[in-house]
Structure formats: structure tokens, C-alpha cells
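Student: Hey, dropping input30.txt in here, compact mmCIF, C-alpha atoms and all ligand atoms:
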# COMPACT_ATOMS: atom_id res chain seq x y z
CA LEU A 1 4.63 90.78 -15.44
CA VAL A 2 1.86 93.36 -15.95
CA ALA A 3 0.42 92.23 -12.62
CA SER A 4 3.28 93.73 -10.64
CA PHE A 5 2.39 97.23 -11.93
CA GLN A 6 -1.14 97.16 -10.50
CA PRO A 7 -1.60 98.91 -7.13
CA LYS A 8 -2.06 96.32 -4.37
CA VAL A 9 -5.39 97.74 -3.21
CA LEU A 10 -6.69 94.32 -2.09
CA ALA A 11 -3.54 93.08 -0.30
CA GLY A 12 -4.49 90.69 2.51
CA LYS A 13 -8.08 90.34 1.27
CA ARG A 14 -9.79 87.06 0.35
CA VAL A 15 -12.06 87.27 -2.69
CA LEU A 16 -14.58 84.67 -3.87
CA ILE A 17 -15.83 84.96 -7.45
CA THR A 18 -18.35 83.00 -9.53
CA ALA A 19 -17.98 82.95 -13.30
CA GLY A 20 -19.25 81.36 -16.48
CA PRO A 21 -22.62 79.75 -17.13
CA THR A 22 -24.17 76.84 -15.24
CA PHE A 23 -25.30 73.66 -17.00
CA GLU A 24 -28.47 71.86 -15.94
CA PRO A 25 -28.74 68.27 -17.18
CA ILE A 26 -31.75 66.90 -19.09
CA ASP A 27 -30.08 63.48 -19.46
CA PRO A 28 -26.43 62.28 -19.55
CA VAL A 29 -25.77 63.90 -22.93
CA ARG A 30 -28.05 66.97 -22.93
CA GLY A 31 -28.79 69.98 -20.82
CA ILE A 32 -29.82 73.61 -20.71
CA THR A 33 -27.44 76.45 -20.09
CA ASN A 34 -27.05 80.22 -20.21
CA LEU A 35 -25.01 82.29 -22.66
CA SER A 36 -21.75 83.25 -20.94
CA SER A 37 -18.13 82.87 -22.01
CA GLY A 38 -16.82 83.49 -18.49
CA LYS A 39 -14.50 86.23 -19.79
CA MET A 40 -15.76 88.96 -17.45
CA GLY A 41 -15.62 86.79 -14.32
CA TYR A 42 -12.14 85.52 -15.19
CA ALA A 43 -11.03 89.12 -15.80
CA VAL A 44 -12.34 90.10 -12.35
CA ALA A 45 -10.45 87.15 -10.83
CA ARG A 46 -7.26 88.19 -12.58
CA ALA A 47 -7.68 91.85 -11.58
CA ALA A 48 -8.34 90.95 -7.93
CA ARG A 49 -5.24 88.73 -7.91
CA GLU A 50 -3.15 91.51 -9.48
CA ALA A 51 -4.42 93.77 -6.69
CA GLY A 52 -2.89 91.43 -4.12
CA ALA A 53 -5.96 89.41 -3.08
CA GLU A 54 -6.16 85.68 -2.43
CA VAL A 55 -8.69 84.64 -5.07
CA LEU A 56 -10.99 81.61 -5.27
CA LEU A 57 -12.88 81.25 -8.54
CA VAL A 58 -15.92 78.96 -8.66
CA SER A 59 -16.47 78.38 -12.36
CA GLY A 60 -19.15 76.83 -14.52
CA PRO A 61 -18.08 75.23 -17.82
CA THR A 62 -15.80 77.56 -19.85
CA THR A 63 -12.84 77.12 -22.20
CA LEU A 64 -10.71 79.75 -20.44
CA PRO A 65 -7.34 79.23 -18.72
CA THR A 66 -7.20 79.84 -14.95
CA PRO A 67 -5.70 83.28 -14.26
CA HIS A 68 -2.22 83.13 -12.75
CA GLY A 69 -2.20 82.64 -8.98
CA VAL A 70 -5.96 82.02 -8.77
CA ARG A 71 -7.46 78.88 -7.16
CA ARG A 72 -10.32 77.42 -9.16
CA ILE A 73 -13.16 75.01 -8.37
CA ASP A 74 -15.07 73.70 -11.40
CA VAL A 75 -18.80 73.02 -11.19
CA GLN A 76 -21.58 72.27 -13.67
CA SER A 77 -24.98 72.99 -12.16
CA ALA A 78 -26.33 75.92 -10.13
CA ARG A 79 -26.79 73.64 -7.11
CA GLN A 80 -23.13 72.55 -7.33
CA MET A 81 -22.11 76.20 -7.61
CA TYR A 82 -24.28 77.03 -4.59
CA GLU A 83 -22.64 74.22 -2.51
CA ALA A 84 -19.10 75.24 -3.52
CA VAL A 85 -19.77 78.91 -2.76
CA MET A 86 -21.52 78.36 0.57
CA GLY A 87 -18.70 76.05 1.67
CA ALA A 88 -16.12 78.73 0.87
CA VAL A 89 -17.91 81.85 2.16
CA PRO A 90 -16.62 81.81 5.76
CA GLY A 91 -13.48 83.96 5.95
CA GLN A 92 -14.06 85.75 2.64
CA HIS A 93 -13.87 89.55 2.57
CA ILE A 94 -15.47 90.03 -0.84
CA PHE A 95 -17.92 88.01 -2.94
CA VAL A 96 -18.41 88.89 -6.61
CA GLY A 97 -21.16 86.95 -8.40
CA VAL A 98 -20.39 87.21 -12.10
CA ALA A 99 -21.78 83.81 -13.12
CA ALA A 100 -24.82 83.56 -15.39
CA VAL A 101 -26.60 81.12 -13.09
CA ALA A 102 -29.50 79.17 -14.63
CA ASP A 103 -32.64 80.29 -12.82
CA TRP A 104 -34.26 76.88 -13.31
CA ARG A 105 -33.10 73.27 -13.42
CA VAL A 106 -34.87 70.33 -15.04
CA ALA A 107 -36.96 68.74 -12.28
CA ASN A 108 -37.04 65.30 -13.87
CA PRO A 109 -33.62 64.62 -15.50
CA SER A 110 -33.23 61.11 -16.93
CA ASP A 111 -30.42 58.74 -15.86
CA GLN A 112 -30.33 57.31 -19.38
CA LYS A 113 -30.16 59.08 -22.70
CA VAL A 114 -33.72 59.89 -23.78
CA LYS A 115 -34.41 58.17 -27.12
CA LYS A 116 -36.30 59.79 -29.95
CA GLN A 117 -39.59 58.00 -30.71
CA GLU A 118 -40.57 57.68 -34.36
CA GLY A 119 -43.76 59.75 -34.66
CA GLY A 120 -43.91 59.99 -30.85
CA ALA A 121 -44.45 63.03 -28.69
CA PRO A 122 -41.35 65.03 -27.66
CA PRO A 123 -40.35 64.69 -23.99
CA GLN A 124 -41.95 67.08 -21.52
CA LEU A 125 -39.54 68.98 -19.29
CA ARG A 126 -40.60 70.30 -15.91
CA PHE A 127 -38.54 73.00 -14.21
CA GLU A 128 -37.70 73.85 -10.61
CA GLN A 129 -36.19 77.10 -9.40
CA ASN A 130 -32.51 77.07 -8.43
CA PRO A 131 -31.24 78.62 -5.19
CA ASP A 132 -30.18 82.26 -5.47
CA ILE A 133 -26.46 82.13 -4.60
CA LEU A 134 -25.89 85.89 -4.41
CA ALA A 135 -28.99 86.58 -2.33
CA THR A 136 -28.02 83.77 0.08
CA VAL A 137 -24.48 85.11 0.49
CA ALA A 138 -25.90 88.61 0.97
CA ALA A 139 -28.14 87.27 3.74
CA THR A 140 -25.09 85.84 5.57
CA THR A 141 -23.39 89.24 5.26
CA SER A 142 -26.23 90.82 7.19
CA LEU A 143 -25.25 88.59 10.15
CA SER A 144 -21.43 88.93 10.20
CA GLY A 145 -20.78 92.04 8.08
CA TRP A 146 -18.76 89.92 5.59
CA PRO A 147 -18.29 89.33 2.73
CA TYR A 148 -18.90 92.60 0.88
CA CYS A 149 -21.21 91.48 -1.96
CA VAL A 150 -21.10 92.56 -5.59
CA GLY A 151 -23.63 91.37 -8.16
CA PHE A 152 -23.73 91.47 -11.94
CA ALA A 153 -26.83 91.87 -14.07
CA ALA A 154 -27.21 91.61 -17.81
CA GLU A 155 -30.43 93.26 -18.89
CA SER A 156 -31.88 93.48 -22.38
CA GLU A 157 -33.61 96.84 -21.72
CA ASN A 158 -34.27 99.57 -19.12
CA LEU A 159 -30.83 98.98 -17.56
CA LEU A 160 -30.85 102.07 -15.33
CA GLU A 161 -34.24 101.26 -13.85
CA PHE A 162 -33.81 97.45 -13.58
CA GLY A 163 -30.23 97.72 -12.25
CA ALA A 164 -31.14 99.99 -9.36
CA ALA A 165 -34.17 97.84 -8.49
CA LYS A 166 -32.17 94.59 -8.65
CA ARG A 167 -29.47 95.94 -6.31
CA GLU A 168 -32.11 96.72 -3.70
CA LYS A 169 -33.98 93.44 -4.15
CA LYS A 170 -30.76 91.42 -3.72
CA GLY A 171 -29.81 93.46 -0.66
CA ILE A 172 -26.26 94.19 -1.90
CA PRO A 173 -24.14 97.38 -1.72
CA LEU A 174 -22.87 97.25 -5.32
CA LEU A 175 -24.32 95.92 -8.57
CA VAL A 176 -22.65 95.98 -11.98
CA GLY A 177 -25.04 96.23 -14.92
CA ASN A 178 -24.60 95.82 -18.61
CA ILE A 179 -26.85 95.64 -21.62
CA GLY A 180 -26.57 91.95 -22.42
CA HIS A 181 -26.34 89.66 -25.38
CA HIS A 182 -24.31 92.05 -27.60
CA THR A 183 -21.41 91.70 -25.18
CA PHE A 184 -21.52 87.91 -24.67
CA GLY A 185 -18.21 86.37 -25.71
CA GLN A 186 -16.79 89.77 -26.69
CA ASP A 187 -13.55 91.17 -25.28
CA ASP A 188 -15.07 94.63 -24.75
CA ASN A 189 -17.95 95.72 -22.59
CA SER A 190 -19.43 98.87 -21.11
CA ILE A 191 -20.80 98.71 -17.59
CA VAL A 192 -22.80 100.74 -15.09
CA LEU A 193 -22.11 100.64 -11.34
CA PHE A 194 -25.14 100.95 -9.05
CA ASP A 195 -24.70 101.76 -5.39
CA GLU A 196 -26.75 103.49 -2.70
CA THR A 197 -25.81 106.93 -4.10
CA GLY A 198 -26.95 106.24 -7.68
CA HIS A 199 -25.13 105.04 -10.79
CA THR A 200 -21.80 105.60 -12.58
CA VAL A 201 -21.11 104.62 -16.21
CA LEU A 202 -17.75 103.02 -17.07
CA PRO A 203 -17.39 103.51 -20.84
CA ARG A 204 -16.65 100.74 -23.32
CA ALA A 205 -13.24 99.16 -22.74
CA PRO A 206 -11.60 95.73 -22.73
CA LYS A 207 -13.06 93.50 -20.00
CA LEU A 208 -9.71 93.38 -18.14
CA VAL A 209 -9.57 97.19 -18.00
CA LEU A 210 -13.15 97.30 -16.67
CA ALA A 211 -12.34 94.53 -14.18
CA ARG A 212 -9.38 96.56 -12.84
CA GLN A 213 -11.60 99.64 -12.53
CA LEU A 214 -14.20 97.57 -10.71
CA VAL A 215 -11.58 96.19 -8.30
CA SER A 216 -10.44 99.70 -7.45
CA GLU A 217 -14.08 100.79 -6.94
CA ILE A 218 -14.65 97.84 -4.58
CA ALA A 219 -11.42 98.62 -2.66
CA LYS A 220 -12.46 102.26 -2.33
CA ARG A 221 -15.85 101.30 -0.89
CA LEU A 222 -14.33 98.78 1.55
CA GLU A 223 -11.96 101.43 2.80
CA GLN A 224 -14.78 103.97 3.25
CA ARG A 225 -16.77 101.34 5.11
CA SER A 226 -13.99 100.68 7.62
CA LEU A 227 -13.36 104.36 8.38
N1 LIG B 301 -27.43 84.94 -9.23
C1 LIG B 301 -27.10 83.94 -8.33
N2 LIG B 301 -27.86 82.81 -8.23
C2 LIG B 301 -28.96 82.67 -8.99
C3 LIG B 301 -29.31 83.67 -9.92
C4 LIG B 301 -28.51 84.80 -10.02
O1 LIG B 301 -26.08 84.08 -7.61
N3 LIG B 301 -29.70 81.58 -8.87
C5 LIG B 301 -26.59 86.16 -9.29
C6 LIG B 301 -25.82 86.34 -10.58
O2 LIG B 301 -24.54 85.73 -10.51
C7 LIG B 301 -25.72 87.86 -10.65
C8 LIG B 301 -26.99 88.35 -9.97
O3 LIG B 301 -27.45 87.26 -9.17
O4 LIG B 301 -24.63 88.35 -9.89
C9 LIG B 301 -28.06 88.83 -10.86
O5 LIG B 301 -28.46 87.79 -11.72
P1 LIG B 301 -29.73 88.02 -12.66
O6 LIG B 301 -29.97 86.78 -13.46
O7 LIG B 301 -29.55 89.31 -13.39
O8 LIG B 301 -30.88 88.25 -11.56
P2 LIG B 301 -32.12 87.41 -11.13
O9 LIG B 301 -32.36 87.74 -9.70
O10 LIG B 301 -31.95 85.97 -11.46
O11 LIG B 301 -33.31 88.05 -11.95
P3 LIG B 301 -33.81 87.82 -13.50
O12 LIG B 301 -32.93 86.78 -14.15
O13 LIG B 301 -35.23 87.37 -13.37
O14 LIG B 301 -33.69 89.18 -14.14
CA CA B 302 -31.47 85.17 -13.55
Spell out the structure here as C-alpha cells.

Tutor:
Amino acid sequence: LVASFQPKVLAGKRVLITAGPTFEPIDPVRGITNLSSGKMGYAVARAAREAGAEVLLVSGPTTLPTPHGVRRIDVQSARQMYEAVMGAVPGQHIFVGVAAVADWRVANPSDQKVKKQEGGAPPQLRFEQNPDILATVAATTSLSGWPYCVGFAAESENLLEFGAAKREKKGIPLLVGNIGHHTFGQDDNSIVLFDETGHTVLPRAPKLVLARQLVSEIAKRLEQRSL
């Protein structure tokens, strides 16, 4: 019901969103993952849908319900998320990467459960770097002009400096920063928007309120771009 009161600033737009953590297997019963509840990404999906967009959510493992009217593809690993996203990118107007993607996967996962050896040495894990989904999508934008890319970054320190640098490194017009780990799993957050003109602080508020503000900021920038 609330949805119908939101201004339809993204009517006719297709929006692709990643959310949640990724999970990188060690063996069939174990893996490594990142801390992320998925709440912020799901809130962005809901807010984009409320704003009239057609929304596709590519989600790592979470316990959250799919927002009303949103199409969802579930994945586990970063490589699966990469495949799902790259397959869906053509025709999208906006890409928002909210997922906490594991930077590395286990290079030598075992097909069978690794057994503990009495008095033996613990298993050695080797890591390989995962593809950078956001940077790859941003590179396709430079060819066709679409989709408009938005990144998220959780930093533990120096947010203003790291956020601005990360936006440039990723080659994206808009990056959303927050000071991480305190906010993981919480319903509230406070975020900073970085664009080519500098940064804007959105003060602490429920994630859905911030997501709606972000959606209106994205819509505003898309409109400016097409003038
Ligand atoms: N991201 C991605 N694919 C990856 C890693 C990150 O799409 N393999 C996206 C995230 O979804 C987020 C943005 O990139 O939107 C920033 O992620 P972050 O982890 O902060 O940046 P990294 O470039 O991985 O740098 P680092 O973790 O070393 O700070
Ligand atoms: Ca990372």
C-alpha cells in the first residue's frame, strides 16, 4: 500500500541490483563468506520497485523475503553472481551493486567433506581472485552508455578519502559509502554519496528511507544526464 504513495521517478526503467553476501565453498559443507544481511540491497530493490521500475535482484544467500513485484535470481558464489549479472545486463538502465562480493574464492575446493586428521596438519587453503562484477558492468557502460552504475563501499576507516578514490577506480558515476561493520544486520544506516562533484551525507535513518532517498538521487542524475 505504501508503495503507491512513492513518486514514480523510475517509471519505465529497468534496474538490476545485487544484494547479500556471496558464499565460496571449501567443501560440500563448508565455505567462506562476507558479513552482509542483504537488508540494504533488498531495501534498494523495494524502493526502485515502488518508484515504478522493473527490478531484477541477483541475491547471495540471505533469509529475507523477496520485495513485492521484484524478480529474484538466487546465487551462491561470486562467479555465479557474475554470470547471472552479465547475462542480465543488456537492456538494463541502472545497475546497483550492493552485494558484499567475496574478493577471493578457494582455488582448490574439495568434492568430498574434508575429514579432520587426529594430530594431523590442518588443510591448506589457496585463494584465487574473483571477477569484479561492478567494474565489468561499468566497462560495458563505457561502450553503450548503459546501464548507469552505482556502487556501494563499506569502509572501516577514512571513508571520505577511500570512497572518492574507489568511485574513480571503479569508473562509476555514483558510489554509496558507509562506515561498515557497526551497520551490518542493523535496520538503520548512515550513508555518504560520492559523485564527480564531491560528497553528500545522508544522516542516519532506516535503510528503506535511505534506499528511497538513493533512488530519487539516481533518478535526478539520470534526468540531468539526458538533458
Ligand atoms: N564488487 C563487485 N565484485 C567484486 C567486488 C566488489 O561487484 N568482485 C562491488 C560491490 O558490490 C560494491 C563495490 O564493488 O558495489 C565495492 O566493493 P568493495 O569491496 O568496497 O571494493 P573492492 O574493489 O573489492 O575493494 P576492497 O574490498 O579491497 O576495499
Ligand atoms: Ca572487496

Student: Could you list, with a cut-off of 7 Å and counting only C-alpha atoms and all ligand atoms, the residues of chain A near ligand CA 302 (chain B), each shown with its nearest atom pair and the distance in Å rounded to one decimal, rows sorted by chain and ascending number, as a tab-separated table?

Tutor:
residue	atom	partner	partner_atom	distance
A:Val101	CA	B:CA302	CA	6.4
A:Ala102	CA	B:CA302	CA	6.4
A:Asp103	CA	B:CA302	CA	5.1

Student: Which residues, written as a PDB file with C-alpha atoms, keeping the file's coordinate frame, have at least one atom at most 7 Å from His93 in chain A, with only C-alpha atoms counted and residues fewer than 5 positions away on the same chain left out?

Tutor:
ATOM      1  CA  LYS A  13      -8.080  90.340   1.270  1.00  0.00           C
ATOM      2  CA  ARG A  14      -9.790  87.060   0.350  1.00  0.00           C
ATOM      3  CA  VAL A  15     -12.060  87.270  -2.690  1.00  0.00           C
ATOM      4  CA  TRP A 146     -18.760  89.920   5.590  1.00  0.00           C
ATOM      5  CA  PRO A 147     -18.290  89.330   2.730  1.00  0.00           C
ATOM      6  CA  TYR A 148     -18.900  92.600   0.880  1.00  0.00           C
TER       7      TYR A 148
END

Student: Please compute the CA of Val192 in chain A-CA of Thr136 in chain A distance, one decimal, in Å.

Tutor: 23.4 Å

Student: Restrict the calculation to only C-alpha atoms and all ligand atoms, then for each residue of chain A with any atom at most 7 Å from an atom of ligand LIG 301 (chain B) give the closest atom pair and their distance in Å to one decimal, rows by chain and rising residue number, as JSON lines.

Tutor:
{"residue": "A:Thr18", "atom": "CA", "partner": "B:LIG301", "partner_atom": "O2", "distance": 6.8}
{"residue": "A:Ala78", "atom": "CA", "partner": "B:LIG301", "partner_atom": "N3", "distance": 6.7}
{"residue": "A:Gly97", "atom": "CA", "partner": "B:LIG301", "partner_atom": "O4", "distance": 4.0}
{"residue": "A:Val98", "atom": "CA", "partner": "B:LIG301", "partner_atom": "O2", "distance": 4.7}
{"residue": "A:Ala99", "atom": "CA", "partner": "B:LIG301", "partner_atom": "O2", "distance": 4.3}
{"residue": "A:Ala100", "atom": "CA", "partner": "B:LIG301", "partner_atom": "O2", "distance": 5.3}
{"residue": "A:Val101", "atom": "CA", "partner": "B:LIG301", "partner_atom": "C3", "distance": 4.9}
{"residue": "A:Ala102", "atom": "CA", "partner": "B:LIG301", "partner_atom": "N3", "distance": 6.2}
{"residue": "A:Asp103", "atom": "CA", "partner": "B:LIG301", "partner_atom": "N3", "distance": 5.1}
{"residue": "A:Asn130", "atom": "CA", "partner": "B:LIG301", "partner_atom": "N3", "distance": 5.3}
{"residue": "A:Pro131", "atom": "CA", "partner": "B:LIG301", "partner_atom": "N3", "distance": 5.0}
{"residue": "A:Asp132", "atom": "CA", "partner": "B:LIG301", "partner_atom": "N3", "distance": 3.5}
{"residue": "A:Ile133", "atom": "CA", "partner": "B:LIG301", "partner_atom": "O1", "distance": 3.6}
{"residue": "A:Leu134", "atom": "CA", "partner": "B:LIG301", "partner_atom": "O1", "distance": 3.7}
{"residue": "A:Ala135", "atom": "CA", "partner": "B:LIG301", "partner_atom": "O1", "distance": 6.5}
{"residue": "A:Val150", "atom": "CA", "partner": "B:LIG301", "partner_atom": "O4", "distance": 7.0}
{"residue": "A:Gly151", "atom": "CA", "partner": "B:LIG301", "partner_atom": "O4", "distance": 3.6}
{"residue": "A:Phe152", "atom": "CA", "partner": "B:LIG301", "partner_atom": "O4", "distance": 3.8}
{"residue": "A:Ala153", "atom": "CA", "partner": "B:LIG301", "partner_atom": "O7", "distance": 3.8}
{"residue": "A:Ala154", "atom": "CA", "partner": "B:LIG301", "partner_atom": "O7", "distance": 5.5}
{"residue": "A:Glu155", "atom": "CA", "partner": "B:LIG301", "partner_atom": "O7", "distance": 6.8}
{"residue": "A:Lys166", "atom": "CA", "partner": "B:LIG301", "partner_atom": "O9", "distance": 6.9}

Student: If we count all atoms listed in the file and set the cut-off at 10 Å, which residues sit around range 64-69 of chain A, ignoring sequence neighbours fewer than 3 positions away in its own chain? Please answer as a PyMOL selection string.

Tutor: chain A and resi 3+20+37-39+42-47+49-50+53-57+59+61+72

Student: Using only C-alpha atoms, which of the listed residues (A:Leu202, A:Ala19, A:Gln6, A:Gly31) sits closest to Val114 in chain A?

Tutor: A:Gly31

Student: Which residue, A:Gly120, A:Gly87, A:Gly198, A:Pro21, has the smallest gap to Ser36 in chain A when you use all atoms listed in the file?

Tutor: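 Smallest separation from Ser36 in chain A among the options: A:Pro21.
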
Student: Just to confirm, what's the straight-line distance from CA of Met40 in chain A to CA of Phe127 in chain A in Å (one decimal)?

Tutor: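 Taking CA of Met40 in chain A as the start and CA of Phe127 in chain A as the end point, the length is 28.0 Å.
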
Student: Determine the nearest neighbour of Ile73 in chain A from the options A:Leu143, A:Leu16, A:Val29, A:Ala51, counting all atoms listed in the file.

Tutor: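 Of all the options, A:Leu16 lies closest to Ile73 in chain A.
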
Student: Expressed in Å to a single decimal, how great is the separation between CA of Pro7 in chain A and CA of Val96 in chain A?

Tutor: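 Separation of CA of Pro7 in chain A and CA of Val96 in chain A: 19.6 Å.
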
Student: If we count only C-alpha atoms and set the cut-off at 9 Å, which residues sit around His199 in chain A, ignoring sequence neighbours fewer than 4 positions away in its own chain? Please answer as a PDB file with C-alpha atoms, in the coordinates of the input.

Tutor:
ATOM      1  CA  LEU A 160     -30.850 102.070 -15.330  1.00  0.00           C
ATOM      2  CA  ALA A 164     -31.140  99.990  -9.360  1.00  0.00           C
ATOM      3  CA  VAL A 192     -22.800 100.740 -15.090  1.00  0.00           C
ATOM      4  CA  LEU A 193     -22.110 100.640 -11.340  1.00  0.00           C
ATOM      5  CA  PHE A 194     -25.140 100.950  -9.050  1.00  0.00           C
ATOM      6  CA  ASP A 195     -24.700 101.760  -5.390  1.00  0.00           C
TER       7      ASP A 195
END

Student: Which residue, A:Ile26, A:Ala139, A:Leu125, A:Leu10, has the smallest gap to Ile218 in chain A when you use all atoms listed in the file?

Tutor: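 Closest residue, counting all atoms listed in the file: A:Leu10.
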